[in-house]
>>> print(open('target-v1.cif').read())   # mmCIF, C-alpha atoms
data_protein
loop_
_atom_site.group_PDB
_atom_site.id
_atom_site.type_symbol
_atom_site.label_atom_id
_atom_site.label_comp_id
_atom_site.auth_asym_id
_atom_site.auth_seq_id
_atom_site.Cartn_x
_atom_site.Cartn_y
_atom_site.Cartn_z
ATOM 1 C CA MET A 103 107.208 49.375 137.010
ATOM 2 C CA SER A 104 104.942 52.304 136.282
ATOM 3 C CA SER A 105 105.399 54.345 133.167
ATOM 4 C CA ALA A 106 105.216 57.970 134.136
ATOM 5 C CA VAL A 107 103.474 60.186 131.642
ATOM 6 C CA PRO A 108 105.296 63.470 131.196
ATOM 7 C CA PRO A 109 103.259 66.598 131.919
ATOM 8 C CA PRO A 110 101.866 68.332 128.864
ATOM 9 C CA THR A 111 104.141 70.994 127.487
ATOM 10 C CA ALA A 112 102.899 74.424 128.369
ATOM 11 C CA LEU A 113 102.151 76.491 125.302
ATOM 12 C CA ALA A 114 104.325 79.543 124.808
ATOM 13 C CA CYS A 115 101.262 81.802 124.463
ATOM 14 C CA ALA A 116 100.015 80.591 127.849
ATOM 15 C CA ILE A 117 103.388 81.122 129.517
ATOM 16 C CA ASP A 118 103.924 84.653 128.188
ATOM 17 C CA PRO A 119 100.610 86.030 126.874
ATOM 18 C CA GLN A 120 101.914 89.613 126.791
ATOM 19 C CA SER A 121 104.150 88.689 123.863
ATOM 20 C CA TRP A 122 100.995 87.919 121.850
ATOM 21 C CA ASP A 123 99.374 91.245 122.842
ATOM 22 C CA LEU A 124 100.270 93.839 120.202
ATOM 23 C CA ASP A 125 99.473 96.712 122.548
ATOM 24 C CA GLU A 126 101.935 95.455 125.159
ATOM 25 C CA GLY A 127 104.838 94.029 123.208
ATOM 26 C CA SER A 128 107.305 95.211 120.622
ATOM 27 C CA TYR A 129 107.659 94.551 116.907
ATOM 28 C CA ARG A 130 110.320 91.931 117.679
ATOM 29 C CA ALA A 131 107.978 90.281 120.209
ATOM 30 C CA GLY A 132 105.237 90.194 117.571
ATOM 31 C CA LEU A 133 107.536 88.494 115.076
ATOM 32 C CA ASP A 134 108.678 86.034 117.736
ATOM 33 C CA ALA A 135 105.064 85.292 118.714
ATOM 34 C CA ARG A 136 104.161 84.526 115.106
ATOM 35 C CA ALA A 137 107.191 82.247 114.779
ATOM 36 C CA GLU A 138 106.228 80.438 118.001
ATOM 37 C CA CYS A 139 102.741 79.862 116.592
ATOM 38 C CA PHE A 140 104.163 78.208 113.495
ATOM 39 C CA ARG A 141 106.187 75.808 115.683
ATOM 40 C CA CYS A 142 103.302 75.059 118.055
ATOM 41 C CA PRO A 143 101.819 71.557 118.081
ATOM 42 C CA ARG A 144 98.368 73.119 118.493
ATOM 43 C CA LEU A 145 98.523 75.364 115.399
ATOM 44 C CA ALA A 146 95.852 73.431 113.473
ATOM 45 C CA GLU A 147 93.393 73.670 116.373
ATOM 46 C CA CYS A 148 94.107 77.384 116.831
ATOM 47 C CA ARG A 149 93.495 77.972 113.132
ATOM 48 C CA GLN A 150 90.121 76.221 113.399
ATOM 49 C CA GLU A 151 89.193 78.337 116.438
ATOM 50 C CA LEU A 152 90.357 81.476 114.656
ATOM 51 C CA SER A 153 88.306 80.649 111.573
ATOM 52 C CA ALA A 154 85.196 80.129 113.693
ATOM 53 C CA ILE A 155 85.504 83.426 115.559
ATOM 54 C CA VAL A 156 86.332 85.397 112.408
ATOM 55 C CA ASP A 157 83.338 83.794 110.651
ATOM 56 C CA ALA A 158 81.204 84.835 113.642
ATOM 57 C CA GLY A 159 82.300 88.442 113.104
ATOM 58 C CA THR A 160 84.377 88.696 116.262
ATOM 59 C CA PRO A 161 88.018 88.569 115.145
ATOM 60 C CA PRO A 162 90.819 88.944 117.701
ATOM 61 C CA GLN A 163 91.931 92.479 118.416
ATOM 62 C CA SER A 164 95.497 93.697 119.004
ATOM 63 C CA MET A 165 96.935 90.216 119.205
ATOM 64 C CA VAL A 166 98.615 87.340 117.430
ATOM 65 C CA TRP A 167 96.469 84.245 117.059
ATOM 66 C CA ALA A 168 97.416 81.140 115.058
ATOM 67 C CA GLY A 169 100.344 83.014 113.551
ATOM 68 C CA VAL A 170 98.219 85.936 112.358
ATOM 69 C CA ALA A 171 98.601 89.407 113.843
ATOM 70 C CA PHE A 172 95.397 91.445 114.180
ATOM 71 C CA SER A 173 95.034 95.205 114.582
ATOM 72 C CA HIS A 174 92.927 96.834 117.291
ATOM 73 C CA ARG A 175 90.052 96.790 114.786
ATOM 74 C CA GLY A 176 90.433 93.067 114.148
ATOM 75 C CA ARG A 177 92.022 93.428 110.728
ATOM 76 C CA PRO A 178 94.743 90.923 109.837
ATOM 77 C CA LEU A 179 98.217 92.410 109.509
ATOM 78 C CA THR A 180 99.438 90.070 106.796
ATOM 79 C CA THR A 181 102.926 91.431 106.091
ATOM 80 C CA ASP A 182 105.929 92.317 108.203
ATOM 81 C CA ALA A 183 105.635 95.896 106.915
ATOM 82 C CA ALA A 184 102.013 96.123 108.099
ATOM 83 C CA LEU A 185 102.986 94.745 111.512
ATOM 84 C CA ARG A 186 105.910 97.190 111.782
ATOM 85 C CA SER A 187 103.636 100.097 110.848
ATOM 86 C CA TYR A 188 101.076 99.010 113.445
ATOM 87 C CA TYR A 189 103.738 98.908 116.169
ATOM 88 C CA ARG A 190 104.962 102.382 115.192
ATOM 89 C CA ARG A 191 101.436 103.724 115.681
ATOM 90 C CA VAL A 192 101.050 101.905 119.002
ATOM 91 C CA ASP A 193 104.457 103.172 120.188
ATOM 92 C CA GLY A 194 103.475 106.711 119.180
ATOM 93 C CA GLN A 195 100.252 106.442 121.184
ATOM 94 C CA ARG A 196 102.155 105.126 124.203
ATOM 95 C CA SER A 197 104.595 108.035 123.963
ATOM 96 C CA SER A 198 101.845 110.630 123.753
ATOM 97 C CA ARG A 199 100.056 109.132 126.758
ATOM 98 C CA ARG A 200 103.265 109.161 128.799
ATOM 99 C CA GLY A 201 104.012 112.709 127.700
ATOM 100 C CA SER A 202 100.555 113.990 128.622
ATOM 101 C CA ALA A 203 100.804 112.582 132.133
ATOM 102 C CA ALA A 204 103.982 114.473 132.910
#
>>> encode(input="target-v1.cif", output="structure tokens")
Amino acid sequence: MSSAVPPPTALACAIDPQSWDLDEGSYRAGLDARAECFRCPRLAECRQELSAIVDAGTPPQSMVWAGVAFSHRGRPLTTDAALRSYYRRVDGQRSSRRGSAA
């Protein structure tokens, strides 16, 4: 009798990467992405990768990585209020781009 090994669970960020992209998603999606990171079995490895790239001076931009949201300039958005404010600015930029194309 062979013991079948179940396939590895696909990571939520790999299934739906747009939810981790702050320029694409919504405030709610950003909160959900952070929460998914904290439940992820790979969180420790992601935090090590994040530390290495931040130490190298190339932090993520406009995304959530290892439960941390980063602005388009690579600055951590450490509070819900900072994340909400960032999304308001992004939404305002989206609106102005849509309005100028009309």
>>> residues_around(input="target-v1.cif", residues="range 136-146 of chain A", least_positions_apart="2", cutoff="12 Å", atoms="all atoms listed in the file", output="PyMOL selection string")
chain A and resi 110-119+121-124+129-134+148-153+165-172+179-182+185
>>> atom_distance(input="target-v1.cif", atom1="CA of Gly127 in chain A", atom2="CA of Glu147 in chain A")
24.3 Å
>>> residues_near_point(input="target-v1.cif", point="(87.6, 87.2, 115.5)", cutoff="10 Å", atoms="only C-alpha atoms", output="tab-separated table (two decimals) with C-alpha atoms, in the coordinates of the input")
chain	number	residue	atom	x	y	z
A	151	GLU	CA	89.19	78.34	116.44
A	152	LEU	CA	90.36	81.48	114.66
A	153	SER	CA	88.31	80.65	111.57
A	154	ALA	CA	85.20	80.13	113.69
A	155	ILE	CA	85.50	83.43	115.56
A	156	VAL	CA	86.33	85.40	112.41
A	157	ASP	CA	83.34	83.79	110.65
A	158	ALA	CA	81.20	84.84	113.64
A	159	GLY	CA	82.30	88.44	113.10
A	160	THR	CA	84.38	88.70	116.26
A	161	PRO	CA	88.02	88.57	115.14
A	162	PRO	CA	90.82	88.94	117.70
A	163	GLN	CA	91.93	92.48	118.42
A	167	TRP	CA	96.47	84.24	117.06
A	172	PHE	CA	95.40	91.44	114.18
A	175	ARG	CA	90.05	96.79	114.79
A	176	GLY	CA	90.43	93.07	114.15
A	177	ARG	CA	92.02	93.43	110.73
A	178	PRO	CA	94.74	90.92	109.84
>>> atom_distance(input="target-v1.cif", atom1="CA of Ala135 in chain A", atom2="CA of Gly194 in chain A")
21.5 Å
>>> closest_residue(input="target-v1.cif", among="A:Asp125, A:Arg186, A:Arg191, A:Gln120", to="Ser164 in chain A", atoms="only C-alpha atoms")
A:Asp125
